[in-house]
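Structure, as structure tokens:
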Protein chains: 4
Amino acid sequence: MPSLRVAIVGATGYSGEELVRLLVRHPKVEITALVSRQHAGKPLGEVVPHVPSGIGERLLERLLPGELADRAEAVFLALPPGSSAAFAGELYRRGCVVFDLGPDFRLRNAKLYKEFYGWDHPAEDLLADALYALPEWYRGKIPSARLFALPGCYPTGILLSLLPLLERNLIARGSVVVFALSGVTGAGRKPEPRLLFAELADNAYAYGLPRHRHLAEIEQELDSWSPGGVGPLCFIPHLIPVRRGILLTITFRLARASVTDQELWDAYQVRYHGEPFLRVLPPGSGRAPNIRDVAGSNLIELLAGSDPLRGTGWVLAALDNLGKGAAGQAVQAMNLRFGWEEPLGLDPYPGGPI
Amino acid sequence: MPSLRVAIVGATGYSGEELVRLLVRHPKVEITALVSRQHAGKPLGEVVPHVPSGIGERLLERLLPGELADRAEAVFLALPPGSSAAFAGELYRRGCVVFDLGPDFRLRNAKLYKEFYGWDHPAEDLLADALYALPEWYRGKIPSARLFALPGCYPTGILLSLLPLLERNLIARGSVVVFALSGVTGAGRKPEPRLLFAELADNAYAYGLPRHRHLAEIEQELDSWSPGGVGPLCFIPHLIPVRRGILLTITFRLARASVTDQELWDAYQVRYHGEPFLRVLPPGSGRAPNIRDVAGSNLIELLAGSDPLRGTGWVLAALDNLGKGAAGQAVQAMNLRFGWEEPLGLDPYPGGPI
Amino acid sequence: MPSLRVAIVGATGYSGEELVRLLVRHPKVEITALVSRQHAGKPLGEVVPHVPSGIGERLLERLLPGELADRAEAVFLALPPGSSAAFAGELYRRGCVVFDLGPDFRLRNAKLYKEFYGWDHPAEDLLADALYALPEWYRGKIPSARLFALPGCYPTGILLSLLPLLERNLIARGSVVVFALSGVTGAGRKPEPRLLFAELADNAYAYGLPRHRHLAEIEQELDSWSPGGVGPLCFIPHLIPVRRGILLTITFRLARASVTDQELWDAYQVRYHGEPFLRVLPPGSGRAPNIRDVAGSNLIELLAGSDPLRGTGWVLAALDNLGKGAAGQAVQAMNLRFGWEEPLGLDPYPGGPI
Amino acid sequence: MPSLRVAIVGATGYSGEELVRLLVRHPKVEITALVSRQHAGKPLGEVVPHVPSGIGERLLERLLPGELADRAEAVFLALPPGSSAAFAGELYRRGCVVFDLGPDFRLRNAKLYKEFYGWDHPAEDLLADALYALPEWYRGKIPSARLFALPGCYPTGILLSLLPLLERNLIARGSVVVFALSGVTGAGRKPEPRLLFAELADNAYAYGLPRHRHLAEIEQELDSWSPGGVGPLCFIPHLIPVRRGILLTITFRLARASVTDQELWDAYQVRYHGEPFLRVLPPGSGRAPNIRDVAGSNLIELLAGSDPLRGTGWVLAALDNLGKGAAGQAVQAMNLRFGWEEPLGLDPYPGGPI
């Protein structure tokens, strides 16, 4: 069987670079185009020196959506907010399978999009066809979809952490607080002063207040999956001097003070049994999720606990913003879409001591 | 007027080292003893090479409390939990002024101490004489006290952040969540595997769950200063790959949804006007507290905000765990105790680009 | 064909951990024992949480060499200096193929061993059978050997850099200076104060002066491969705040002032044409070897240049101390020994943005 | 006596920021102008948030040299190469004392300037009046000069390391190799991709080959102070993931194989006895210079050693690129120029655990 022809648009950003890394060694696909407006004409290896021989010599191209549709059956878009529609519309109409890693097709409500992103939605007519491609919760719908909106890195971790607990009514409405720590690749490869080594090393700070853009999709999905809605949410992300990875600490009031660690753990076990990329740590193991145990992989690690004395519960989670939070999850969705084994091409091994 | 004779017990830990740095250049004191059980007999500069000539040649000594009382009028104890009492009792009875940077005299309730620390309080009779030495809230009582329990690094930041808002009833009871990030010097100079560069770089994780020891003093003080009590609290500290500094993100439900950023800011302005070490950032300035802007100094930076749509409020705060969170605050308390200018010997300048 | 049964002794050190990572996914081998004296009885995942399900549940064992010989056809020893002989002798006599990552069998001269390591060689009789297993220079001898002394991490990079230039007589005798930077995993997983994050971050220093132990094997090999000998060498390693990777800057006086960049490049091209793990950068490409482009892989990157005006030449090289400098090279040697494709199981892709 | 009126041109770069930090607390000066072309009109604290109240509110201005001469008696220029002349000429003619931290007046030979910097010297007529302001070697000429070219950060460390040994003829001609590691503030506050945290963390590389600009002034000074000249030099700087500080490792062939550690140490003792900012470590102390022991101060630490068996010698040195390598040395020169105590305003204490 011939390989699936795939293209990557935005191949030199951090997510694009990770897509290249994963797709180069994926046994079922062949990369037929690397698109970069900024670096068109240069070999990939000149812009991203990490790549090995073979792919490093390939030229970056500037292609129109129509040209791209001739070259690839599946296209990955790793572009800034607002930029995907220009490619997605034409590709979709031409029959391509589109995996959009950006935010443009995540919100079902175009008004909400405008409120959070500040401009009119660039392709409102496509929203009804887009699938919010969180595999663990939308797996059944993936085979029949063709326009995939990959969840944001924070939403991926937050939804996987909270949905099983909401499903079981373990969380008091209106009590969820989400603190997030992100490595700096989450901010993209932009040469801004605040992202310089000399500024970020030995430092940390909150950003995105009062309402980070990801809040919109987080609330959309939590409300759609929990019967009574989750109620007002507080979400505060932080930047820390780490290159890659996200750590989430989510707290809430227990629906009943008697909720035990075991009950929280059971909720995950039931829902996530057999999931290839979820690792739920058992209570009392002495281990907590940490960035290094998942960085470089498609894994997410979870640990839940409670303090019945104070009526509070929490979930700790770690995932890779470029892996499960972006490129890895896109490959996972592709595998499901084309009927391949879900973990194909996704190394289950975190970076070890890298 | 002759200099005050001061001694430092535990001079080679991170807090002790910072005490040496501050006291060496303090114009009103003379260091008359450096006590270290582990390194007695060596010159300080052999154990802590950062120190300059002059102090580096001074020998570390092993001294009994009685010998110490002969040598110093004021003694700083920078020792592990449970170890201060052995010095504090004798020194106090002999008339010394004692500044204890450890936790042994912070809780007024010996039962609570046992619950959180796991052993009987080693000097229960002294608890009534100890003052919880948070200068901004106990300034009036400092001149007449002689046994000072310096607040922990996390409690210092949390109390300074929350007390003015509680005083004004801006926070809904039972809704406070405290998320803390700490640099690694907060864990002390212990050669544990988890504190190795190879393990902590590129990493971050929560620790101290379900109930970090500092929770006890935080709840004690919040309840004692707020009329109705603050209600159950959730406090989750994290370790990040930073040497020095604490970042706090505190969230709560607003007592009324109409509470504005301005109202939060006013609460601080009224309470902290003229305070030398508090820097409250104005809402809308575009700046957020961050570790680098306070590391190396005795400053704490605060910024409060609200999302009336969701009814949530937050305070962001940054301080130095070794400065305002330990050695700096101890020097501040000493200045007040002896009637000197409050900032004497405390550089108002953070470390600059260091 | 059944898988080769392999065992790892010292599975919880950094090199051992990397061996596990590589051998778990190697298609021709099966790991039949994980030996650790210190952690025997615990599952591997408890000591090294990075490992994925499957291998993480495997128990660490304490095994005698004889027991080990029953369980494995090939054994990897990742042990401290002086500790390998106790295993290597018995395993070798029992017919096992032994890959020793430690220094005990690298020096052909037992006197030199004593001079550099400080104790008598523990198994002098085996020295004659041991092969210094630098694949690019001893490839032809690998298939018939059974006791492999893998080169040290620094020597690997230095020899690969210098041997082609010495072969062509491009270097003036007695003029070589080697300056090396190492990530901290090179020092092992020892909880020493100097290796703490709080001590090493924002820091760097030279160590190992006047004569680092690796100097012995470097001089042995340089002298054995270059007709007139290389003459006295200066080698100064440094520790930098990086987890993994080595950067080498080697300078020398040109044998003739007229030696051009092209001539240096040619020397490598001729010698290393077709080598799977050597990437020689062309002069004038604007790229220089750097740690991130090789970390996590078995690659070594080289760039040579000259300043004819001053008569000086240099080689810059980057490799991974745990990859090409330890575990990766051991797997490369194993592949050659058993007649498999040389890169089998060795990902040619560096860690990407990891 | 009234304070000296001083101005800083380029106040928002890293060196400018450090000048502000030092001059704000200098007891003999008053800052009368902060000049920044890029940020004119903003308060300093908006651009550089580290600064304390008082100086943070001061406005950055765009001033002509003439206006500046009216406002200040001494002017510090912290500008990019080629930019100082526009200010220095007019200021000098108007009688100001000029401290130029840039390279424009360091080379006495305008042709050499063009060769290394690539453009014609912008004020050749001033070169004869400029003094290369390395205090330890030009102290006697400082009081009568008015145009000071502060040495570069690398040259400062290299000259202080080598000059005493050359004076005593301990170094074989043509054998000196200088390896340098620099923290990233040495590259300035430019938002270049290679200086991003995500690119530099976990990384290191050489740069500036084949001839870094500082080589010109290094050779100029070494040749001028050593009778026979030092001969061709090899100088290779590297960037490491550290914010601030320089580590130098200098190797050479001993003039006689019999040169001992003691002889090297004596050379420094004789020459540097009583120097306030030189700390020469005794051989055999077990300590080596490292960045953290000098960062944030005006100190330079040195350690020399030899391997008589191989005929090689070395000097290890650490200094702060922004302190002794830039702003601190400029303040030191100012103190000497105006007849004040040499260490005035210069904290002898490195940053401690900052």
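As shown in the structure tokens, the chain order sets the letters A, B, ...; within each chain, residues go from 1, and ligands are also counted from 1 in the order they appear.
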
Determine which residues of segment 185-350 of chain C receive a DSSP assignment of helix (DSSP H, G or I), computed from the backbone, and state them as a PyMOL selection string. chain C and resi 185-187+193-195+197-200+214-225+261-272+291-293+323-337

Any chance you could tabulate, as a tab-separated table, the residues of chain B at most 6 Å from chain A with each one's nearest atom pair and distance in Å to one decimal, using only C-alpha atoms, in chain and rising number order?
residue	atom	partner	partner_atom	distance
B:Asp202	CA	A:Val242	CA	4.7
B:Asn203	CA	A:Ile291	CA	5.1
B:Ala204	CA	A:Asn290	CA	5.8
B:Tyr205	CA	A:Asn290	CA	4.9
B:Pro232	CA	A:Arg310	CA	5.1
B:Val242	CA	A:Asp202	CA	4.7
B:Asn290	CA	A:Tyr205	CA	4.9
B:Ile291	CA	A:Asn203	CA	5.1
B:Arg292	CA	A:Asn203	CA	5.3
B:Arg310	CA	A:Pro232	CA	5.1

Export, as a PDB file, in the first residue's frame, the selected residues with N, CA, C and O atoms.
ATOM      1  N   ASP B 202      15.027  21.875  33.370  1.00  0.00           N
ATOM      2  CA  ASP B 202      13.970  21.478  32.425  1.00  0.00           C
ATOM      3  C   ASP B 202      12.804  20.772  33.098  1.00  0.00           C
ATOM      4  O   ASP B 202      12.059  20.046  32.444  1.00  0.00           O
ATOM      5  N   ASN B 203      12.639  20.954  34.387  1.00  0.00           N
ATOM      6  CA  ASN B 203      11.621  20.230  35.114  1.00  0.00           C
ATOM      7  C   ASN B 203      10.838  21.159  36.036  1.00  0.00           C
ATOM      8  O   ASN B 203      11.228  22.308  36.245  1.00  0.00           O
ATOM      9  N   ALA B 204       9.749  20.691  36.585  1.00  0.00           N
ATOM     10  CA  ALA B 204       8.940  21.400  37.591  1.00  0.00           C
ATOM     11  C   ALA B 204       7.938  20.406  38.129  1.00  0.00           C
ATOM     12  O   ALA B 204       7.493  19.514  37.403  1.00  0.00           O
ATOM     13  N   TYR B 205       7.600  20.556  39.414  1.00  0.00           N
ATOM     14  CA  TYR B 205       6.595  19.658  40.007  1.00  0.00           C
ATOM     15  C   TYR B 205       6.057  20.232  41.313  1.00  0.00           C
ATOM     16  O   TYR B 205       6.703  21.068  41.948  1.00  0.00           O
ATOM     17  N   PRO B 232     -11.619  27.243  54.896  1.00  0.00           N
ATOM     18  CA  PRO B 232     -10.624  26.278  54.407  1.00  0.00           C
ATOM     19  C   PRO B 232      -9.835  26.822  53.222  1.00  0.00           C
ATOM     20  O   PRO B 232     -10.380  27.496  52.354  1.00  0.00           O
ATOM     21  N   VAL B 242      14.880  27.413  39.256  1.00  0.00           N
ATOM     22  CA  VAL B 242      15.310  28.778  39.554  1.00  0.00           C
ATOM     23  C   VAL B 242      16.049  28.665  40.876  1.00  0.00           C
ATOM     24  O   VAL B 242      15.699  27.842  41.710  1.00  0.00           O
ATOM     25  N   ASN B 290       7.463  39.582  38.989  1.00  0.00           N
ATOM     26  CA  ASN B 290       8.245  38.430  38.574  1.00  0.00           C
ATOM     27  C   ASN B 290       9.471  38.309  39.447  1.00  0.00           C
ATOM     28  O   ASN B 290       9.894  39.257  40.099  1.00  0.00           O
ATOM     29  N   ILE B 291       9.999  37.109  39.471  1.00  0.00           N
ATOM     30  CA  ILE B 291      11.043  36.779  40.440  1.00  0.00           C
ATOM     31  C   ILE B 291      12.271  37.657  40.291  1.00  0.00           C
ATOM     32  O   ILE B 291      12.845  38.139  41.271  1.00  0.00           O
ATOM     33  N   ARG B 292      12.680  37.899  39.057  1.00  0.00           N
ATOM     34  CA  ARG B 292      13.919  38.647  38.831  1.00  0.00           C
ATOM     35  C   ARG B 292      13.854  40.093  39.333  1.00  0.00           C
ATOM     36  O   ARG B 292      14.889  40.700  39.596  1.00  0.00           O
ATOM     37  N   ARG B 310     -16.703  36.501  35.897  1.00  0.00           N
ATOM     38  CA  ARG B 310     -16.651  35.179  36.514  1.00  0.00           C
ATOM     39  C   ARG B 310     -16.633  35.262  38.040  1.00  0.00           C
ATOM     40  O   ARG B 310     -16.632  34.240  38.717  1.00  0.00           O
TER      41      ARG B 310
END

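Proximity ranking of A:Val259, A:Leu163, A:Leu299, A:Leu196 relative to Leu319 of chain A places A:Leu299 first, based on only C-alpha atoms.
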
Close residues, Gly345 of chain A itself excluded, 7 Å, only C-alpha atoms, min 4 positions apart in chain, as a PyMOL selection string: chain A and resi 22+25-27

Selection export as a PDB file, in the first residue's frame, atoms kept: N, CA and C atoms:
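Result went into part.pdb, see below:
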ATOM      1  N   LEU A  22       8.221  13.811  13.909  1.00  0.00           N
ATOM      2  CA  LEU A  22       7.357  12.644  14.061  1.00  0.00           C
ATOM      3  C   LEU A  22       6.997  12.021  12.714  1.00  0.00           C
ATOM      4  N   ARG A  25       9.617   9.746  10.616  1.00  0.00           N
ATOM      5  CA  ARG A  25       9.813   8.334  10.940  1.00  0.00           C
ATOM      6  C   ARG A  25       8.497   7.559  11.049  1.00  0.00           C
ATOM      7  N   HIS A  26       7.419   8.181  10.655  1.00  0.00           N
ATOM      8  CA  HIS A  26       6.134   7.480  10.689  1.00  0.00           C
ATOM      9  C   HIS A  26       6.099   6.490   9.512  1.00  0.00           C
ATOM     10  N   PRO A  27       5.806   5.227   9.776  1.00  0.00           N
ATOM     11  CA  PRO A  27       5.944   4.216   8.717  1.00  0.00           C
ATOM     12  C   PRO A  27       4.875   4.267   7.619  1.00  0.00           C
TER      13      PRO A  27
END

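Relative to atom CA of Ser226 of chain B, atom CA of Leu254 of chain A is found at 24.5 Å.
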
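One finds atom CA of His39 of chain A at 12.2 Å from atom CA of Arg58 of chain A.
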
Residues within 6 Å of segment 131-139 of chain C, only C-alpha atoms, excluding chain neighbours under 3 positions, as a list in words: Arg106, Ile142, Phe148, Ala149 and Leu150 of chain C

Can you write out the residues you just picked, keeping all heavy atoms, as an mmCIF file, in the first residue's frame?
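Dumped everything to selection.cif:
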data_model
loop_
_atom_site.group_PDB
_atom_site.id
_atom_site.type_symbol
_atom_site.label_atom_id
_atom_site.label_comp_id
_atom_site.auth_asym_id
_atom_site.auth_seq_id
_atom_site.Cartn_x
_atom_site.Cartn_y
_atom_site.Cartn_z
ATOM 1 N N ARG C 106 40.424 0.001 29.003
ATOM 2 C CA ARG C 106 40.780 0.898 27.905
ATOM 3 C C ARG C 106 42.289 1.039 27.711
ATOM 4 O O ARG C 106 42.758 1.239 26.596
ATOM 5 C CB ARG C 106 40.199 2.294 28.156
ATOM 6 C CG ARG C 106 38.694 2.348 28.081
ATOM 7 C CD ARG C 106 38.220 3.763 28.406
ATOM 8 N NE ARG C 106 36.790 3.809 28.663
ATOM 9 C CZ ARG C 106 36.199 4.746 29.375
ATOM 10 N NH1 ARG C 106 36.916 5.728 29.904
ATOM 11 N NH2 ARG C 106 34.900 4.728 29.562
ATOM 12 N N ILE C 142 36.246 -5.585 15.385
ATOM 13 C CA ILE C 142 35.101 -5.793 16.281
ATOM 14 C C ILE C 142 34.478 -7.187 16.148
ATOM 15 O O ILE C 142 34.193 -7.839 17.161
ATOM 16 C CB ILE C 142 34.064 -4.660 16.088
ATOM 17 C CG1 ILE C 142 34.634 -3.353 16.694
ATOM 18 C CG2 ILE C 142 32.725 -5.006 16.735
ATOM 19 C CD1 ILE C 142 33.734 -2.134 16.571
ATOM 20 N N PHE C 148 34.879 -5.739 25.021
ATOM 21 C CA PHE C 148 34.950 -4.407 24.416
ATOM 22 C C PHE C 148 35.076 -3.326 25.485
ATOM 23 O O PHE C 148 34.233 -3.213 26.374
ATOM 24 C CB PHE C 148 33.690 -4.141 23.582
ATOM 25 C CG PHE C 148 33.570 -5.069 22.419
ATOM 26 C CD1 PHE C 148 32.829 -6.245 22.519
ATOM 27 C CD2 PHE C 148 34.225 -4.793 21.225
ATOM 28 C CE1 PHE C 148 32.732 -7.122 21.451
ATOM 29 C CE2 PHE C 148 34.132 -5.664 20.144
ATOM 30 C CZ PHE C 148 33.389 -6.835 20.261
ATOM 31 N N ALA C 149 36.141 -2.535 25.377
ATOM 32 C CA ALA C 149 36.306 -1.373 26.246
ATOM 33 C C ALA C 149 35.815 -0.163 25.464
ATOM 34 O O ALA C 149 36.500 0.310 24.546
ATOM 35 C CB ALA C 149 37.777 -1.208 26.629
ATOM 36 N N LEU C 150 34.636 0.314 25.810
ATOM 37 C CA LEU C 150 34.133 1.480 25.102
ATOM 38 C C LEU C 150 34.943 2.715 25.519
ATOM 39 O O LEU C 150 35.214 2.895 26.701
ATOM 40 C CB LEU C 150 32.664 1.706 25.444
ATOM 41 C CG LEU C 150 31.610 0.945 24.645
ATOM 42 C CD1 LEU C 150 31.763 1.194 23.146
ATOM 43 C CD2 LEU C 150 31.597 -0.531 24.951
#

Output as JSON, numbers by chain all residues of segment 184-323 of chain C that backbone DSSP marks as strand (DSSP E or B). {"C": [196, 205, 206, 234, 235, 236, 237, 238, 239, 246, 247, 248, 249, 250, 251, 252, 253, 254, 278, 279, 280, 300, 301, 302, 303, 304, 305, 306, 307, 312, 313, 314, 315, 316, 317, 318, 319]}

Might you pull out every residue within 7 Å of Leu60 of chain B, with only C-alpha atoms counted and same-chain residues fewer than 3 positions away left off, and present them as a PyMOL selection string? chain B and resi 34-36+39-44

If you keep all heavy atoms, can you produce a file of those selected residues as a compact mmCIF listing (two decimals), in the first residue's frame?
# COMPACT_ATOMS: atom_id res chain seq x y z
N LEU B 34 30.33 32.95 64.38
CA LEU B 34 29.69 32.19 63.29
C LEU B 34 29.65 30.74 63.74
O LEU B 34 30.70 30.11 63.90
CB LEU B 34 30.51 32.31 62.00
CG LEU B 34 30.63 33.72 61.41
CD1 LEU B 34 31.66 33.72 60.28
CD2 LEU B 34 29.28 34.21 60.90
N VAL B 35 28.47 30.22 63.98
CA VAL B 35 28.36 28.88 64.55
C VAL B 35 27.92 27.88 63.48
O VAL B 35 26.99 28.14 62.72
CB VAL B 35 27.35 28.89 65.72
CG1 VAL B 35 27.20 27.49 66.30
CG2 VAL B 35 27.79 29.87 66.79
N SER B 36 28.64 26.77 63.41
CA SER B 36 28.26 25.69 62.51
C SER B 36 28.74 24.39 63.13
O SER B 36 29.93 24.19 63.34
CB SER B 36 28.90 25.89 61.13
OG SER B 36 28.85 24.68 60.40
N HIS B 39 30.64 22.25 60.26
CA HIS B 39 31.89 22.72 59.68
C HIS B 39 32.79 23.44 60.68
O HIS B 39 33.69 24.19 60.28
CB HIS B 39 31.59 23.65 58.51
CG HIS B 39 30.87 22.99 57.39
ND1 HIS B 39 31.45 22.04 56.58
CD2 HIS B 39 29.59 23.11 56.94
CE1 HIS B 39 30.57 21.61 55.68
NE2 HIS B 39 29.43 22.23 55.88
N ALA B 40 32.54 23.25 61.98
CA ALA B 40 33.34 23.93 63.00
C ALA B 40 34.83 23.71 62.76
O ALA B 40 35.25 22.60 62.45
CB ALA B 40 32.94 23.42 64.39
N GLY B 41 35.60 24.76 62.88
CA GLY B 41 37.04 24.66 62.72
C GLY B 41 37.53 25.12 61.36
O GLY B 41 38.70 25.45 61.19
N LYS B 42 36.63 25.14 60.38
CA LYS B 42 37.04 25.63 59.06
C LYS B 42 36.76 27.12 58.94
O LYS B 42 35.84 27.64 59.56
CB LYS B 42 36.23 24.92 57.96
CG LYS B 42 36.44 23.44 57.85
CD LYS B 42 35.60 22.88 56.70
CE LYS B 42 35.46 21.37 56.79
NZ LYS B 42 34.38 20.85 55.95
N PRO B 43 37.54 27.82 58.11
CA PRO B 43 37.17 29.20 57.83
C PRO B 43 35.89 29.23 56.98
O PRO B 43 35.67 28.35 56.15
CB PRO B 43 38.36 29.76 57.05
CG PRO B 43 39.15 28.58 56.59
CD PRO B 43 38.79 27.41 57.44
N LEU B 44 35.07 30.25 57.19
CA LEU B 44 33.80 30.37 56.47
C LEU B 44 34.01 30.27 54.96
O LEU B 44 33.25 29.61 54.24
CB LEU B 44 33.14 31.70 56.83
CG LEU B 44 31.85 32.02 56.09
CD1 LEU B 44 30.75 31.03 56.42
CD2 LEU B 44 31.38 33.45 56.38

Near-Leu303 of chain D list (6 Å; only C-alpha atoms; drop same-chain fewer than 3 positions) as a ChimeraX atom specification: /D:280-281,315-316

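Compared by their closest atoms to Leu278 of chain A, and using only C-alpha atoms, the residues C:Pro52, C:Glu46, C:Phe99, C:Val20 rank with C:Pro52 nearest.
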
Using Å and a single decimal, report how far atom CA of Gln329 of chain B sits from atom CA of Pro191 of chain B. 26.5 Å

I'd like the contact shell of Ile218 of chain C - 10 Å cut-off, only C-alpha atoms, skipping same-chain residues fewer than 6 positions apart - returned as a PyMOL selection string. chain C and resi 107+151-152+154-159+224+233+235

Write to file, as a CSV table (one decimal), in the first residue's frame, the residues of the selection just made, with N, CA, C and O atoms.
chain,number,residue,atom,x,y,z
C,107,LEU,N,43.0,1.0,28.8
C,107,LEU,CA,44.5,1.2,28.7
C,107,LEU,C,45.2,-0.2,28.5
C,107,LEU,O,44.9,-1.1,29.3
C,151,PRO,N,35.3,3.5,24.6
C,151,PRO,CA,36.1,4.7,24.9
C,151,PRO,C,35.3,5.7,25.8
C,151,PRO,O,34.1,5.7,25.8
C,152,GLY,N,36.0,6.5,26.6
C,152,GLY,CA,35.4,7.5,27.4
C,152,GLY,C,34.7,8.6,26.5
C,152,GLY,O,35.0,8.6,25.3
C,154,TYR,N,34.9,11.9,26.5
C,154,TYR,CA,35.9,12.9,25.9
C,154,TYR,C,36.8,12.3,24.9
C,154,TYR,O,36.9,12.8,23.8
C,155,PRO,N,37.4,11.2,25.2
C,155,PRO,CA,38.3,10.5,24.2
C,155,PRO,C,37.6,10.3,22.8
C,155,PRO,O,38.1,10.5,21.8
C,156,THR,N,36.3,9.8,22.9
C,156,THR,CA,35.6,9.6,21.7
C,156,THR,C,35.6,10.8,20.8
C,156,THR,O,36.0,10.7,19.6
C,157,GLY,N,35.3,11.9,21.3
C,157,GLY,CA,35.2,13.2,20.5
C,157,GLY,C,36.6,13.6,20.1
C,157,GLY,O,36.8,14.1,19.0
C,158,ILE,N,37.5,13.5,21.0
C,158,ILE,CA,38.9,14.0,20.7
C,158,ILE,C,39.6,13.2,19.6
C,158,ILE,O,40.2,13.7,18.7
C,159,LEU,N,39.4,11.8,19.7
C,159,LEU,CA,40.1,11.0,18.7
C,159,LEU,C,39.4,11.1,17.4
C,159,LEU,O,40.1,11.2,16.3
C,224,SER,N,49.3,5.9,19.1
C,224,SER,CA,49.4,4.6,18.4
C,224,SER,C,48.9,4.8,17.0
C,224,SER,O,49.3,4.1,16.1
C,233,LEU,N,50.3,17.0,25.3
C,233,LEU,CA,49.0,17.4,25.1
C,233,LEU,C,48.5,18.2,26.3
C,233,LEU,O,48.8,17.9,27.4
C,235,PHE,N,44.9,19.1,28.1
C,235,PHE,CA,43.5,18.8,28.1
C,235,PHE,C,42.8,19.3,29.3
C,235,PHE,O,43.1,18.9,30.5
